[in-house]
Amino acid sequence: VMLHQSKHRTNCLTAEIVGPAGSGKSTLVAAMRRLTNQVDAIDNYSGFRYWPNLVGSAICLTPVICEELLTFGRVSWPMVRRMTRLQASSAILRRRRASVHPIVVVDQGPLYTLAKLGMTNDERSVGARFHRWRKQMRAAAATALDLVIYLDAPDDELLHRVTSRSKRHAIKKATTSEAKEFLNRYRRHYLWLLDELGHSANTRVLHIDTSESPPDELAQKVLAACQRDQPIHASN
């Protein structure tokens, strides 16, 4: 486990858990919540309480979407949905800083959405305004997040986890080589985003190989890291 970059904040600590499919994001959150009642988990922006942020974000995105339509003649609904989630993410996380829980953990937060946008959009098919907006969203994520927990494991382990669970996933229908390339594309996007975050004094980044320890042991280390202000380096 490796942790770098730290800055103390007065409100609750806000963390996003990211990683390729099968890396154990939901499992880690569940383990953290089993070990303590100090964790407030956000697994999706569903529910009426998020609608004001989502509607407001869609309105703010009108100039970006209009430029895409005028320049390229189309904007896919999945792209609009992800853009809206991303625009709303930082505001939602800032609001959750008022949580009574000392730790707020989000799965499928701003970095996840940035990675999804990077995976699904051809850079040649987006306009200058979109690029500027996405850069602003990266900066907003760095401000909103105190900690990013990046999970990973060897490809064969990830594929075994994905194919052995009931949850649907596109790589279940792919060949082994196609599935591994899919995982590596996600890795590249995430590691590039984490490198960008590394230039921020606001956000710490914790890297974990989830194949090396059981979930409860990893959760204990993550919870300990959440309470530390100084950079640490620990090994399993």
# chains A, B, ... in the order shown; residues from 1 in each chain; ligands from 1

$ select_by_dssp --residues "chain A" --states "helix (DSSP H, G or I)" --output "ChimeraX atom specification"
/A:25-35,48-60,62-72,77-96,110-120,123-125,128-144,155-164,170-173,176-197,215-226

$ residues_around --residues "region 81-91 of chain A" --least-positions-apart "5" --cutoff "8 Å" --atoms "only C-alpha atoms" --output "ChimeraX atom specification"
/A:45,53-54,56-58,61,109-110,113-114,116-117,137,140-141,144

$ write_last_selection --atoms "N, CA and C atoms" --output "PDB file, in the first residue's frame"
ATOM      1  N   TYR A  45     -25.654   8.380  -7.652  1.00  0.00           N
ATOM      2  CA  TYR A  45     -26.406   9.617  -7.444  1.00  0.00           C
ATOM      3  C   TYR A  45     -27.872   9.372  -7.776  1.00  0.00           C
ATOM      4  N   ASN A  53     -29.321  19.068  -7.974  1.00  0.00           N
ATOM      5  CA  ASN A  53     -27.964  19.193  -8.507  1.00  0.00           C
ATOM      6  C   ASN A  53     -27.883  18.716  -9.943  1.00  0.00           C
ATOM      7  N   LEU A  54     -28.559  17.610 -10.259  1.00  0.00           N
ATOM      8  CA  LEU A  54     -28.492  17.056 -11.606  1.00  0.00           C
ATOM      9  C   LEU A  54     -29.193  17.961 -12.618  1.00  0.00           C
ATOM     10  N   GLY A  56     -29.767  21.226 -12.288  1.00  0.00           N
ATOM     11  CA  GLY A  56     -28.956  22.439 -12.413  1.00  0.00           C
ATOM     12  C   GLY A  56     -27.719  22.211 -13.256  1.00  0.00           C
ATOM     13  N   SER A  57     -27.115  21.036 -13.122  1.00  0.00           N
ATOM     14  CA  SER A  57     -25.919  20.719 -13.902  1.00  0.00           C
ATOM     15  C   SER A  57     -26.255  20.605 -15.386  1.00  0.00           C
ATOM     16  N   ALA A  58     -27.388  19.986 -15.702  1.00  0.00           N
ATOM     17  CA  ALA A  58     -27.798  19.863 -17.102  1.00  0.00           C
ATOM     18  C   ALA A  58     -27.994  21.238 -17.738  1.00  0.00           C
ATOM     19  N   LEU A  61     -24.708  22.898 -18.517  1.00  0.00           N
ATOM     20  CA  LEU A  61     -23.994  22.253 -19.621  1.00  0.00           C
ATOM     21  C   LEU A  61     -24.528  22.644 -20.999  1.00  0.00           C
ATOM     22  N   GLY A 109     -17.854   8.208  -8.547  1.00  0.00           N
ATOM     23  CA  GLY A 109     -17.835   9.650  -8.359  1.00  0.00           C
ATOM     24  C   GLY A 109     -17.223  10.364  -9.553  1.00  0.00           C
ATOM     25  N   PRO A 110     -16.616  11.546  -9.337  1.00  0.00           N
ATOM     26  CA  PRO A 110     -16.114  12.334 -10.465  1.00  0.00           C
ATOM     27  C   PRO A 110     -14.998  11.670 -11.256  1.00  0.00           C
ATOM     28  N   THR A 113     -16.399   8.971 -13.485  1.00  0.00           N
ATOM     29  CA  THR A 113     -17.105   9.537 -14.630  1.00  0.00           C
ATOM     30  C   THR A 113     -16.135  10.129 -15.638  1.00  0.00           C
ATOM     31  N   LEU A 114     -15.066  10.759 -15.168  1.00  0.00           N
ATOM     32  CA  LEU A 114     -14.030  11.249 -16.084  1.00  0.00           C
ATOM     33  C   LEU A 114     -13.414  10.102 -16.875  1.00  0.00           C
ATOM     34  N   LYS A 116     -14.860   7.208 -17.564  1.00  0.00           N
ATOM     35  CA  LYS A 116     -15.870   6.723 -18.507  1.00  0.00           C
ATOM     36  C   LYS A 116     -15.955   7.624 -19.741  1.00  0.00           C
ATOM     37  N   LEU A 117     -15.900   8.926 -19.524  1.00  0.00           N
ATOM     38  CA  LEU A 117     -15.920   9.848 -20.661  1.00  0.00           C
ATOM     39  C   LEU A 117     -14.701   9.645 -21.545  1.00  0.00           C
ATOM     40  N   MET A 137     -13.494  20.314 -14.718  1.00  0.00           N
ATOM     41  CA  MET A 137     -14.036  19.237 -13.893  1.00  0.00           C
ATOM     42  C   MET A 137     -12.924  18.470 -13.183  1.00  0.00           C
ATOM     43  N   ALA A 140     -12.032  20.626 -10.316  1.00  0.00           N
ATOM     44  CA  ALA A 140     -13.078  20.574  -9.295  1.00  0.00           C
ATOM     45  C   ALA A 140     -13.001  19.282  -8.492  1.00  0.00           C
ATOM     46  N   ALA A 141     -12.677  18.178  -9.166  1.00  0.00           N
ATOM     47  CA  ALA A 141     -12.537  16.900  -8.465  1.00  0.00           C
ATOM     48  C   ALA A 141     -11.384  16.957  -7.476  1.00  0.00           C
ATOM     49  N   ALA A 144     -12.636  18.777  -4.484  1.00  0.00           N
ATOM     50  CA  ALA A 144     -13.692  18.106  -3.721  1.00  0.00           C
ATOM     51  C   ALA A 144     -13.196  16.875  -2.973  1.00  0.00           C
TER      52      ALA A 144
END

$ closest_atom_pairs --of "region 113-164 of chain A" --to "region 23-28 of chain A" --cutoff "9 Å" --atoms "only C-alpha atoms" --output "CSV"
residue,atom,partner,partner_atom,distance
A:Tyr150,CA,A:Lys25,CA,8.9
A:Leu151,CA,A:Ser23,CA,5.6
A:Asp152,CA,A:Ser23,CA,5.0
A:Ala153,CA,A:Ser23,CA,6.1
A:Glu157,CA,A:Ser23,CA,8.6
A:Leu158,CA,A:Ser23,CA,6.1
A:Arg161,CA,A:Ser23,CA,8.2
A:Val162,CA,A:Ser23,CA,9.0

$ closest_atom_pairs --of "region 10-63 of chain A" --to "region 181-188 of chain A" --cutoff "9 Å" --atoms "only C-alpha atoms" --output "CSV"
residue,atom,partner,partner_atom,distance
A:Gly19,CA,A:Arg187,CA,7.3
A:Pro20,CA,A:Leu183,CA,5.9
A:Ala21,CA,A:Leu183,CA,7.2

$ write_last_selection --atoms "N, CA and C atoms" --output "PDB file, in the first residue's frame"
ATOM      1  N   GLY A  19     -11.033   2.135  -9.753  1.00  0.00           N
ATOM      2  CA  GLY A  19     -10.254   1.003 -10.216  1.00  0.00           C
ATOM      3  C   GLY A  19     -10.985   0.259 -11.311  1.00  0.00           C
ATOM      4  N   PRO A  20     -10.295  -0.604 -12.036  1.00  0.00           N
ATOM      5  CA  PRO A  20     -10.937  -1.367 -13.113  1.00  0.00           C
ATOM      6  C   PRO A  20     -11.975  -2.341 -12.576  1.00  0.00           C
ATOM      7  N   ALA A  21     -12.776  -2.873 -13.464  1.00  0.00           N
ATOM      8  CA  ALA A  21     -13.820  -3.825 -13.073  1.00  0.00           C
ATOM      9  C   ALA A  21     -13.217  -4.997 -12.318  1.00  0.00           C
TER      10      ALA A  21
END

$ closest_residue --among "A:Val18, A:Ala139, A:Thr71, A:Ile92" --to "Leu191 (chain A)" --atoms "only C-alpha atoms"
A:Val18

$ select_by_dssp --residues "region 51-149 of chain A" --states "strand (DSSP E or B)" --output "mmCIF file with all heavy atoms, in the first residue's frame"
data_model
loop_
_atom_site.group_PDB
_atom_site.id
_atom_site.type_symbol
_atom_site.label_atom_id
_atom_site.label_comp_id
_atom_site.auth_asym_id
_atom_site.auth_seq_id
_atom_site.Cartn_x
_atom_site.Cartn_y
_atom_site.Cartn_z
ATOM 1 N N ILE A 103 -16.048 10.275 7.719
ATOM 2 C CA ILE A 103 -15.524 9.827 6.429
ATOM 3 C C ILE A 103 -16.677 9.646 5.451
ATOM 4 O O ILE A 103 -17.649 8.950 5.744
ATOM 5 C CB ILE A 103 -14.753 8.497 6.566
ATOM 6 C CG1 ILE A 103 -13.605 8.625 7.567
ATOM 7 C CG2 ILE A 103 -14.224 8.037 5.210
ATOM 8 C CD1 ILE A 103 -12.990 7.308 7.967
ATOM 9 N N VAL A 104 -16.570 10.283 4.289
ATOM 10 C CA VAL A 104 -17.545 10.099 3.204
ATOM 11 C C VAL A 104 -16.824 9.410 2.050
ATOM 12 O O VAL A 104 -15.807 9.903 1.563
ATOM 13 C CB VAL A 104 -18.131 11.444 2.728
ATOM 14 C CG1 VAL A 104 -19.030 11.242 1.515
ATOM 15 C CG2 VAL A 104 -18.907 12.122 3.860
ATOM 16 N N VAL A 105 -17.342 8.255 1.627
ATOM 17 C CA VAL A 105 -16.726 7.467 0.559
ATOM 18 C C VAL A 105 -17.699 7.380 -0.609
ATOM 19 O O VAL A 105 -18.871 7.046 -0.433
ATOM 20 C CB VAL A 105 -16.359 6.054 1.048
ATOM 21 C CG1 VAL A 105 -15.793 5.228 -0.098
ATOM 22 C CG2 VAL A 105 -15.354 6.115 2.191
ATOM 23 N N VAL A 106 -17.204 7.680 -1.809
ATOM 24 C CA VAL A 106 -18.057 7.624 -2.993
ATOM 25 C C VAL A 106 -17.500 6.612 -3.992
ATOM 26 O O VAL A 106 -16.294 6.546 -4.226
ATOM 27 C CB VAL A 106 -18.195 9.020 -3.654
ATOM 28 C CG1 VAL A 106 -16.850 9.584 -4.060
ATOM 29 C CG2 VAL A 106 -19.121 8.962 -4.860
ATOM 30 N N ASP A 107 -18.381 5.779 -4.496
ATOM 31 C CA ASP A 107 -18.080 4.872 -5.597
ATOM 32 C C ASP A 107 -18.819 5.427 -6.819
ATOM 33 O O ASP A 107 -19.967 5.850 -6.708
ATOM 34 C CB ASP A 107 -18.570 3.470 -5.242
ATOM 35 C CG ASP A 107 -18.259 2.440 -6.313
ATOM 36 O OD1 ASP A 107 -17.531 2.772 -7.272
ATOM 37 O OD2 ASP A 107 -18.739 1.305 -6.190
ATOM 38 N N LEU A 147 -9.037 12.302 -0.666
ATOM 39 C CA LEU A 147 -8.335 11.033 -0.835
ATOM 40 C C LEU A 147 -8.927 10.273 -2.002
ATOM 41 O O LEU A 147 -10.149 10.219 -2.165
ATOM 42 C CB LEU A 147 -8.456 10.201 0.454
ATOM 43 C CG LEU A 147 -7.856 8.796 0.440
ATOM 44 C CD1 LEU A 147 -6.329 8.851 0.315
ATOM 45 C CD2 LEU A 147 -8.241 8.044 1.716
ATOM 46 N N VAL A 148 -8.063 9.686 -2.825
ATOM 47 C CA VAL A 148 -8.480 8.757 -3.876
ATOM 48 C C VAL A 148 -7.861 7.404 -3.560
ATOM 49 O O VAL A 148 -6.650 7.295 -3.347
ATOM 50 C CB VAL A 148 -8.038 9.229 -5.271
ATOM 51 C CG1 VAL A 148 -8.436 8.196 -6.325
ATOM 52 C CG2 VAL A 148 -8.651 10.579 -5.599
ATOM 53 N N ILE A 149 -8.695 6.379 -3.511
ATOM 54 C CA ILE A 149 -8.242 5.014 -3.226
ATOM 55 C C ILE A 149 -8.312 4.243 -4.535
ATOM 56 O O ILE A 149 -9.405 3.928 -5.031
ATOM 57 C CB ILE A 149 -9.124 4.357 -2.155
ATOM 58 C CG1 ILE A 149 -9.165 5.217 -0.890
ATOM 59 C CG2 ILE A 149 -8.630 2.948 -1.836
ATOM 60 C CD1 ILE A 149 -10.373 4.966 -0.018
#

$ closest_atom_pairs --of "region 29-54 of chain A" --to "region 209-220 of chain A" --cutoff "9 Å" --atoms "only C-alpha atoms" --output "Markdown table"
| residue | atom | partner | partner_atom | distance |
| --- | --- | --- | --- | --- |
| A:Val29 | CA | A:Ala219 | CA | 7.8 |
| A:Ala30 | CA | A:Pro215 | CA | 8.9 |
| A:Ala31 | CA | A:Asp216 | CA | 5.4 |
| A:Met32 | CA | A:Ala219 | CA | 5.1 |
| A:Arg33 | CA | A:Ala219 | CA | 8.9 |
| A:Arg34 | CA | A:Asp216 | CA | 8.5 |
| A:Leu35 | CA | A:Gln220 | CA | 7.7 |

$ closest_residue --among "A:Val55, A:Gln136, A:His131, A:Cys12" --to "Arg94 (chain A)" --atoms "only C-alpha atoms"
A:Cys12

$ closest_residue --among "A:Arg49, A:Lys172, A:Arg204, A:His101" --to "Asp146 (chain A)" --atoms "only C-alpha atoms"
A:Arg204

$ closest_residue --among "A:Ala98, A:Leu93, A:Leu194, A:Ile17" --to "Arg138 (chain A)" --atoms "only C-alpha atoms"
A:Leu194

$ closest_residue --among "A:Glu16, A:Asp156, A:Asp43, A:Asp195" --to "Cys226 (chain A)" --atoms "only C-alpha atoms"
A:Glu16

$ residues_around --residues "Leu159 (chain A)" --least-positions-apart "5" --cutoff "9 Å" --atoms "only C-alpha atoms" --output "VMD selection string"
chain A and resid 21 to 22 154 164 171 to 172 176 179 to 180

$ write_last_selection --atoms "N, CA, C and O atoms" --output "mmCIF file, in the first residue's frame"
data_model
loop_
_atom_site.group_PDB
_atom_site.id
_atom_site.type_symbol
_atom_site.label_atom_id
_atom_site.label_comp_id
_atom_site.auth_asym_id
_atom_site.auth_seq_id
_atom_site.Cartn_x
_atom_site.Cartn_y
_atom_site.Cartn_z
ATOM 1 N N ALA A 21 -12.776 -2.873 -13.464
ATOM 2 C CA ALA A 21 -13.820 -3.825 -13.073
ATOM 3 C C ALA A 21 -13.217 -4.997 -12.318
ATOM 4 O O ALA A 21 -12.171 -5.528 -12.702
ATOM 5 N N GLY A 22 -13.877 -5.408 -11.231
ATOM 6 C CA GLY A 22 -13.411 -6.548 -10.462
ATOM 7 C C GLY A 22 -12.352 -6.227 -9.441
ATOM 8 O O GLY A 22 -11.868 -7.129 -8.749
ATOM 9 N N PRO A 154 -4.039 -8.313 -10.449
ATOM 10 C CA PRO A 154 -3.631 -8.900 -11.728
ATOM 11 C C PRO A 154 -4.840 -9.180 -12.625
ATOM 12 O O PRO A 154 -5.943 -9.456 -12.149
ATOM 13 N N SER A 164 -17.326 -14.481 -12.437
ATOM 14 C CA SER A 164 -17.937 -15.375 -11.450
ATOM 15 C C SER A 164 -19.071 -14.715 -10.673
ATOM 16 O O SER A 164 -19.742 -15.383 -9.880
ATOM 17 N N ILE A 171 -17.386 -7.155 -20.510
ATOM 18 C CA ILE A 171 -16.240 -8.034 -20.776
ATOM 19 C C ILE A 171 -16.582 -9.511 -20.605
ATOM 20 O O ILE A 171 -15.788 -10.374 -20.993
ATOM 21 N N LYS A 172 -17.759 -9.813 -20.060
ATOM 22 C CA LYS A 172 -18.159 -11.216 -19.967
ATOM 23 C C LYS A 172 -18.349 -11.826 -21.349
ATOM 24 O O LYS A 172 -18.209 -13.041 -21.522
ATOM 25 N N THR A 176 -10.592 -13.300 -24.009
ATOM 26 C CA THR A 176 -9.656 -12.964 -22.934
ATOM 27 C C THR A 176 -8.767 -11.788 -23.313
ATOM 28 O O THR A 176 -8.547 -10.874 -22.508
ATOM 29 N N ALA A 179 -10.827 -8.613 -23.246
ATOM 30 C CA ALA A 179 -11.136 -8.215 -21.873
ATOM 31 C C ALA A 179 -9.926 -7.577 -21.201
ATOM 32 O O ALA A 179 -10.051 -6.571 -20.490
ATOM 33 N N LYS A 180 -8.747 -8.141 -21.432
ATOM 34 C CA LYS A 180 -7.538 -7.580 -20.822
ATOM 35 C C LYS A 180 -7.213 -6.206 -21.408
ATOM 36 O O LYS A 180 -6.746 -5.313 -20.690
#
